[in-house]
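As stored in data.csv (CSV, C-alpha atoms and all ligand atoms):
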```csv
chain,number,residue,atom,x,y,z
A,10,MET,CA,-14.6,0.9,-7.4
A,11,ARG,CA,-17.6,1.2,-5.1
A,12,LYS,CA,-17.5,4.4,-3.2
A,13,TRP,CA,-19.4,5.8,-0.4
A,14,THR,CA,-19.1,9.1,1.3
A,15,LEU,CA,-18.0,9.0,4.9
A,16,LEU,CA,-19.1,12.3,6.1
A,17,GLY,CA,-21.2,13.2,3.0
A,18,MET,CA,-20.2,16.6,1.9
A,19,LEU,CA,-18.3,18.7,4.4
A,20,CYS,CA,-19.5,22.2,3.7
A,21,LEU,CA,-17.0,24.7,4.8
A,22,SER,CA,-17.7,28.4,4.8
A,23,LEU,CA,-14.6,30.3,4.0
A,24,MET,CA,-14.2,34.0,3.4
A,25,GLY,CA,-17.9,34.4,3.1
A,26,GLY,CA,-18.1,31.9,0.2
A,27,ALA,CA,-19.2,28.3,0.4
A,28,VAL,CA,-16.6,25.6,-0.4
A,29,ALA,CA,-17.7,22.0,-0.6
A,30,GLN,CA,-15.2,19.3,0.1
A,31,GLU,CA,-15.9,15.6,-0.4
A,32,VAL,CA,-14.2,13.1,1.9
A,33,SER,CA,-14.1,9.9,-0.1
A,34,MET,CA,-13.8,6.5,1.5
A,35,VAL,CA,-13.9,3.1,-0.1
A,36,LYS,CA,-15.0,0.3,2.2
A,37,LEU,CA,-13.3,-2.9,0.9
A,38,PRO,CA,-15.1,-6.2,0.9
A,39,PRO,CA,-13.8,-8.6,3.6
A,40,PRO,CA,-10.6,-10.4,2.4
A,41,ASP,CA,-11.0,-14.0,1.3
A,42,MET,CA,-8.8,-15.9,3.7
A,43,ARG,CA,-9.6,-19.4,2.3
A,44,GLY,CA,-7.6,-21.1,-0.3
A,45,GLY,CA,-4.7,-19.8,-2.3
A,46,LYS,CA,-1.8,-22.0,-3.5
A,47,PRO,CA,0.2,-24.1,-1.1
A,48,LEU,CA,3.1,-22.1,0.4
A,49,MET,CA,5.9,-24.2,-1.2
A,50,GLN,CA,4.3,-23.7,-4.6
A,51,VAL,CA,4.1,-20.0,-4.0
A,52,LEU,CA,7.7,-19.8,-3.1
A,53,HIS,CA,8.6,-21.8,-6.2
A,54,GLU,CA,6.6,-19.3,-8.3
A,55,ARG,CA,7.6,-16.0,-6.7
A,56,HIS,CA,9.4,-13.6,-9.1
A,57,SER,CA,9.5,-10.0,-10.2
A,58,THR,CA,7.4,-8.9,-13.1
A,59,ARG,CA,8.0,-5.6,-15.1
A,60,GLU,CA,5.4,-5.9,-17.9
A,61,PHE,CA,1.7,-5.3,-17.0
A,62,SER,CA,-1.6,-5.3,-18.8
A,63,ALA,CA,-3.9,-2.3,-18.4
A,64,LYS,CA,-6.6,-4.4,-16.7
A,65,PRO,CA,-7.6,-3.0,-13.4
A,66,LEU,CA,-7.8,-5.2,-10.2
A,67,PRO,CA,-11.3,-6.3,-9.2
A,68,GLN,CA,-12.2,-4.9,-5.8
A,69,GLN,CA,-12.0,-8.4,-4.1
A,70,GLU,CA,-8.5,-8.8,-5.5
A,71,LEU,CA,-7.5,-5.4,-4.1
A,72,SER,CA,-9.0,-6.3,-0.8
A,73,ASN,CA,-7.1,-9.6,-0.6
A,74,LEU,CA,-3.9,-7.9,-1.7
A,75,LEU,CA,-4.0,-5.1,0.9
A,76,TRP,CA,-5.0,-7.5,3.7
A,77,ALA,CA,-2.1,-9.7,2.7
A,78,ALA,CA,0.2,-6.7,2.7
A,79,ALA,CA,-0.6,-5.1,6.0
A,80,GLY,CA,-4.1,-6.1,7.1
A,81,VAL,CA,-5.2,-6.9,10.6
A,82,ASN,CA,-5.1,-10.6,11.3
A,83,ARG,CA,-5.7,-10.4,15.1
A,84,PRO,CA,-8.7,-8.0,15.6
A,85,GLN,CA,-8.3,-8.2,19.4
A,86,THR,CA,-4.9,-6.5,19.3
A,87,GLY,CA,-5.0,-4.9,15.8
A,88,GLN,CA,-1.8,-6.7,14.9
A,89,ARG,CA,-0.9,-7.3,11.3
A,90,THR,CA,-0.1,-9.9,8.7
A,91,ALA,CA,3.4,-8.5,8.5
A,92,PRO,CA,5.7,-8.2,11.6
A,93,THR,CA,6.7,-4.8,12.7
A,94,ALA,CA,9.6,-3.8,15.0
A,95,ARG,CA,8.4,-3.1,18.5
A,96,ASP,CA,4.9,-3.2,17.1
A,97,TRP,CA,5.3,0.4,16.0
A,98,ARG,CA,3.1,-0.2,12.9
A,99,GLU,CA,4.9,2.8,11.4
A,100,ILE,CA,4.5,1.8,7.7
A,101,ASP,CA,1.4,3.2,5.9
A,102,VAL,CA,0.5,1.7,2.6
A,103,TYR,CA,-0.6,4.2,0.0
A,104,VAL,CA,-2.3,2.8,-3.1
A,105,ALA,CA,-2.0,4.7,-6.5
A,106,THR,CA,-4.7,3.6,-8.9
A,107,ALA,CA,-6.0,5.1,-12.2
A,108,ASP,CA,-8.4,7.3,-10.3
A,109,GLY,CA,-6.5,8.5,-7.3
A,110,VAL,CA,-4.1,7.8,-4.5
A,111,TYR,CA,-5.6,6.2,-1.4
A,112,LEU,CA,-4.3,5.5,2.1
A,113,TYR,CA,-5.1,1.9,3.3
A,114,GLU,CA,-6.6,1.8,6.7
A,115,PRO,CA,-6.0,-1.7,8.2
A,116,VAL,CA,-8.5,-1.1,11.0
A,117,GLY,CA,-11.8,-0.9,9.1
A,118,HIS,CA,-10.1,-2.4,6.0
A,119,ALA,CA,-10.9,0.7,3.9
A,120,LEU,CA,-9.2,3.1,1.6
A,121,ARG,CA,-9.2,6.8,2.2
A,122,ARG,CA,-8.6,9.0,-0.9
A,123,VAL,CA,-5.8,11.4,-0.4
A,124,VAL,CA,-5.2,12.7,-3.9
A,125,ALA,CA,-7.5,12.6,-6.9
A,126,GLY,CA,-6.3,11.7,-10.4
A,127,ASP,CA,-3.8,9.2,-11.9
A,128,LEU,CA,-0.4,9.6,-10.2
A,129,ARG,CA,0.8,6.1,-11.1
A,130,ALA,CA,3.6,7.4,-13.4
A,131,ARG,CA,4.9,9.5,-10.6
A,132,THR,CA,5.5,6.5,-8.3
A,133,GLY,CA,8.6,5.5,-10.1
A,134,VAL,CA,11.1,6.1,-12.8
A,135,GLN,CA,10.4,3.0,-15.0
A,136,ASP,CA,7.9,3.1,-17.9
A,137,PHE,CA,5.8,0.1,-16.7
A,138,VAL,CA,4.9,1.9,-13.5
A,139,ALA,CA,2.2,4.0,-15.4
A,140,MET,CA,0.6,0.8,-16.7
A,141,ALA,CA,0.4,-1.4,-13.5
A,142,ALA,CA,-3.1,-1.5,-12.1
A,143,VAL,CA,-1.9,-0.3,-8.7
A,144,ASN,CA,1.4,1.0,-7.3
A,145,LEU,CA,1.8,0.5,-3.5
A,146,ILE,CA,3.9,3.1,-1.7
A,147,TYR,CA,5.3,2.2,1.7
A,148,VAL,CA,5.6,5.3,3.8
A,149,ALA,CA,7.1,5.3,7.3
A,150,ASN,CA,5.7,7.6,9.8
A,151,PHE,CA,8.7,8.3,12.1
A,152,GLU,CA,6.5,9.9,14.7
A,153,ARG,CA,5.2,6.5,15.6
A,154,MET,CA,8.7,5.1,16.3
A,155,SER,CA,9.0,6.3,19.9
A,156,GLY,CA,12.4,5.8,21.5
A,157,ALA,CA,14.2,5.2,18.2
A,158,ASP,CA,17.2,7.3,17.1
A,159,SER,CA,17.5,8.3,13.4
A,160,GLU,CA,19.6,5.3,12.5
A,161,GLN,CA,17.1,2.9,14.1
A,162,LYS,CA,14.2,4.7,12.4
A,163,SER,CA,15.8,4.2,9.0
A,164,PHE,CA,16.8,0.6,9.7
A,165,TYR,CA,13.6,-0.7,11.1
A,166,SER,CA,11.3,1.1,8.7
A,167,ALA,CA,13.2,-0.4,5.8
A,168,THR,CA,13.1,-3.8,7.4
A,169,ASP,CA,9.4,-3.5,8.1
A,170,SER,CA,8.6,-2.4,4.6
A,171,GLY,CA,10.5,-5.5,3.3
A,172,PHE,CA,8.2,-7.8,5.2
A,173,ILE,CA,5.1,-6.1,3.7
A,174,ALA,CA,6.7,-6.3,0.2
A,175,GLN,CA,7.3,-10.0,0.6
A,176,ASN,CA,3.7,-10.6,1.7
A,177,VAL,CA,2.7,-8.9,-1.5
A,178,TYR,CA,5.1,-11.0,-3.5
A,179,LEU,CA,3.7,-14.1,-2.0
A,180,TYR,CA,0.1,-13.1,-2.5
A,181,CYS,CA,0.7,-12.2,-6.1
A,182,ALA,CA,2.4,-15.5,-6.8
A,183,SER,CA,-0.6,-17.2,-5.3
A,184,ALA,CA,-3.2,-15.1,-7.2
A,185,GLY,CA,-1.4,-15.1,-10.6
A,186,LEU,CA,-0.6,-11.4,-10.3
A,187,GLY,CA,2.6,-9.7,-11.4
A,188,THR,CA,4.6,-7.5,-9.0
A,189,VAL,CA,8.0,-5.9,-8.5
A,190,VAL,CA,9.2,-4.0,-5.5
A,191,ARG,CA,11.0,-0.8,-6.3
A,192,GLY,CA,13.6,1.3,-4.6
A,193,SER,CA,14.3,3.6,-7.6
A,194,LEU,CA,11.9,6.5,-7.3
A,195,ASP,CA,12.0,10.2,-6.9
A,196,ARG,CA,11.0,10.3,-3.2
A,197,GLU,CA,11.1,14.1,-3.0
A,198,ALA,CA,8.7,14.6,-5.9
A,199,LEU,CA,6.4,11.8,-4.9
A,200,ALA,CA,6.3,13.1,-1.3
A,201,ALA,CA,5.3,16.5,-2.5
A,202,ALA,CA,2.6,15.0,-4.8
A,203,LEU,CA,1.2,13.0,-1.9
A,204,GLY,CA,1.3,16.0,0.5
A,205,LEU,CA,3.4,14.1,3.0
A,206,LYS,CA,4.7,15.7,6.2
A,207,PRO,CA,8.5,15.9,7.0
A,208,GLN,CA,8.3,13.0,9.4
A,209,GLN,CA,6.8,10.8,6.7
A,210,LYS,CA,9.5,9.0,4.6
A,211,ILE,CA,8.9,7.0,1.5
A,212,ILE,CA,10.8,3.7,1.8
A,213,LEU,CA,9.8,1.6,-1.2
A,214,ALA,CA,7.1,1.3,-3.9
A,215,GLN,CA,5.7,-1.9,-5.4
A,216,SER,CA,3.8,-2.3,-8.7
A,217,VAL,CA,1.0,-4.9,-8.9
A,218,GLY,CA,-1.1,-5.9,-11.8
A,219,TYR,CA,-2.0,-8.6,-14.3
A,220,PRO,CA,1.1,-9.7,-16.2
A,221,LYS,CA,1.1,-8.9,-19.9
A,301,LIG,C1,15.0,-3.3,-1.9
A,301,LIG,C2,14.7,-3.7,-3.4
A,301,LIG,C3,14.7,-2.7,-4.3
A,301,LIG,C4,14.4,-3.0,-5.7
A,301,LIG,N1,14.3,-1.9,-6.6
A,301,LIG,C5,13.9,-2.2,-7.8
A,301,LIG,C6,13.7,-1.1,-8.7
A,301,LIG,O1,13.8,0.0,-8.4
A,301,LIG,N2,13.3,-1.5,-10.0
A,301,LIG,C7,13.1,-2.8,-10.4
A,301,LIG,O2,12.8,-3.0,-11.6
A,301,LIG,N3,13.4,-3.8,-9.6
A,301,LIG,C8,13.7,-3.6,-8.3
A,301,LIG,N4,13.9,-4.6,-7.4
A,301,LIG,C9,13.7,-6.0,-7.8
A,301,LIG,C10,15.0,-6.7,-8.0
A,301,LIG,O3,15.6,-6.2,-9.1
A,301,LIG,C11,14.7,-8.2,-8.2
A,301,LIG,O4,14.1,-8.7,-7.0
A,301,LIG,C12,15.9,-9.0,-8.5
A,301,LIG,O5,16.3,-8.7,-9.8
A,301,LIG,C13,15.7,-10.5,-8.4
A,301,LIG,O6,14.6,-10.9,-9.2
A,301,LIG,P1,13.4,-11.7,-8.6
A,301,LIG,O7,12.6,-10.8,-7.7
A,301,LIG,O8,12.6,-12.1,-9.8
A,301,LIG,O9,13.9,-12.9,-7.9
A,301,LIG,C14,14.2,-4.3,-6.1
A,301,LIG,C15,14.3,-5.3,-5.1
A,301,LIG,C16,14.5,-5.0,-3.8
A,301,LIG,C17,14.6,-6.2,-2.8
```
Please rewrite the model in this file as structure tokens.
Amino acid sequence: MRKWTLLGMLCLSLMGGAVAQEVSMVKLPPPDMRGGKPLMQVLHERHSTREFSAKPLPQQELSNLLWAAAGVNRPQTGQRTAPTARDWREIDVYVATADGVYLYEPVGHALRRVVAGDLRARTGVQDFVAMAAVNLIYVANFERMSGADSEQKSFYSATDSGFIAQNVYLYCASAGLGTVVRGSLDREALAAALGLKPQQKIILAQSVGYPK
């Protein structure tokens, strides 16, 4: 994965000692919006996969996948490939790979590393999760859902995550990748591992990789 340092090294002087903290960003290549299989063929081939090879996703594949999931398809408004209730855009896509967990930033089409290390196994309760090249985690930020009561927040964030998950299913069917969306996960433990705030709620996870 090509990496570049956004702010270089942030040097913080704490308690008289120097602490260096790297802010790691991965700028993704532009998504390839040409081609893909015809829609009716993709619908014919869509299915869940639960056996993955260890092969990582090339960066272009990851770029295409994330853009399909929740990328900006109208730069003038910042609106997305997936619909979102009241245009709240409350779902953040976290990406767990072998070398860390990243937050996908649709504007800028980049990944911001939030946790170092391989946390893939902690994104679910099924064995294949540790093997899939990436595990996407759909996290609702309830702070963005202005005017919604708690029932509406739960309902619309679940609905909006479903659209993202289906975009991923369709992209994977087109690209020959395997995927399965997952509701069975230890949300409390994963939220702690990701350092989420109380208003951030994990809705679903989705494994993606090359089928075995
Ligand atoms: C909201 C939701 C949650 C799901 N959770 C899991 C899960 O935790 N683990 C899993 O293996 N599959 C999960 N699935 C996948 C379903 O089991 C799968 O879609 C279903 O068996 C139909 O198979 P198909 O996707 O191949 O059509 C989930 C699907 C949905 C829509």
Contacts with ligand LIG 301 (chain A) at most 10 Å, all atoms listed in the file counted, listed as number ranges by chain: A: 54-59, 133-135, 137-138, 167-168, 170-171, 174-175, 178, 188-194, 212-216
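For the atom pair formed by CA of Ala198 (chain A) and CA of Val102 (chain A), the distance is 17.5 Å, given to one decimal.
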Counting all atoms listed in the file, the option among A:Asn82, A:Ser159, A:Gln88, A:Gln209 closest to Tyr147 (chain A): A:Gln209
Residue nearest Ser33 (chain A) - candidates A:Asp108, A:Asp127, A:Glu152, A:Glu197, atoms counted: all atoms listed in the file: A:Asp108
Between CA of Val148 (chain A) and CA of Gly185 (chain A), distance in Å (one decimal): 25.9 Å
Region 77-80 of chain A surroundings by all atoms listed in the file, 7 Å radius, close-in-sequence under 5 positions cut, as an NGL selection string: :A and (89-91 or 115 or 173-174 or 176-177 or 180)
Keeping only C-alpha atoms, write the selected residues to a file as an mmCIF file, in the coordinates of the input.
```cif
data_model
loop_
_atom_site.group_PDB
_atom_site.id
_atom_site.type_symbol
_atom_site.label_atom_id
_atom_site.label_comp_id
_atom_site.auth_asym_id
_atom_site.auth_seq_id
_atom_site.Cartn_x
_atom_site.Cartn_y
_atom_site.Cartn_z
ATOM 1 C CA ARG A 89 -0.900 -7.300 11.300
ATOM 2 C CA THR A 90 -0.100 -9.900 8.700
ATOM 3 C CA ALA A 91 3.400 -8.500 8.500
ATOM 4 C CA PRO A 115 -6.000 -1.700 8.200
ATOM 5 C CA ILE A 173 5.100 -6.100 3.700
ATOM 6 C CA ALA A 174 6.700 -6.300 0.200
ATOM 7 C CA ASN A 176 3.700 -10.600 1.700
ATOM 8 C CA VAL A 177 2.700 -8.900 -1.500
ATOM 9 C CA TYR A 180 0.100 -13.100 -2.500
#
```
A:Val123, A:Leu205, A:Val110, A:Val116 ranked by distance to Leu145 (chain A), top pick (using all atoms listed in the file): A:Val110
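When all atoms listed in the file are used to compute distances to Pro65 (chain A), the closest of the residues A:Ala142, A:Pro92, A:Val104, A:Ala130 turns out to be A:Ala142.
Going from CA of Tyr113 (chain A) over to CA of Gln208 (chain A), you cover 18.4 Å.
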Selection: 12 Å around Met49 (chain A), all atoms listed in the file, excl. self and same-chain fewer than 3 positions, as a ChimeraX atom specification: /A:45-46,52-55,179,182-183
Please, could you write that set of residues out with C-alpha atoms as a PDB file, in the frame of the given file?
```
ATOM      1  CA  GLY A  45      -4.700 -19.800  -2.300  1.00  0.00           C
ATOM      2  CA  LYS A  46      -1.800 -22.000  -3.500  1.00  0.00           C
ATOM      3  CA  LEU A  52       7.700 -19.800  -3.100  1.00  0.00           C
ATOM      4  CA  HIS A  53       8.600 -21.800  -6.200  1.00  0.00           C
ATOM      5  CA  GLU A  54       6.600 -19.300  -8.300  1.00  0.00           C
ATOM      6  CA  ARG A  55       7.600 -16.000  -6.700  1.00  0.00           C
ATOM      7  CA  LEU A 179       3.700 -14.100  -2.000  1.00  0.00           C
ATOM      8  CA  ALA A 182       2.400 -15.500  -6.800  1.00  0.00           C
ATOM      9  CA  SER A 183      -0.600 -17.200  -5.300  1.00  0.00           C
TER      10      SER A 183
END
```
Size and centre in Å, one decimal, axis-aligned box, all listed region 129-145 of chain A atoms plus 6 Å per side, as JSON:
```
{"center_x": 4.0, "center_y": 4.0, "center_z": -10.7, "size_x": 26.2, "size_y": 23.0, "size_z": 26.4}
```
Residue nearest Ser62 (chain A) among A:Ile211, A:Ala202, A:Leu186, A:Val124 (counting only C-alpha atoms): A:Leu186
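Between Ala157 (chain A) and the residues A:Ala105, A:Ala94, A:Leu203, A:Ala119, the shortest atom-to-atom distance, using only C-alpha atoms, involves A:Ala94.
Residues within 6 Å of Val217 (chain A), counting all atoms listed in the file and excluding same-chain residues fewer than 6 positions away, are Ala141, Val143, Gly187 and Thr188 of chain A.
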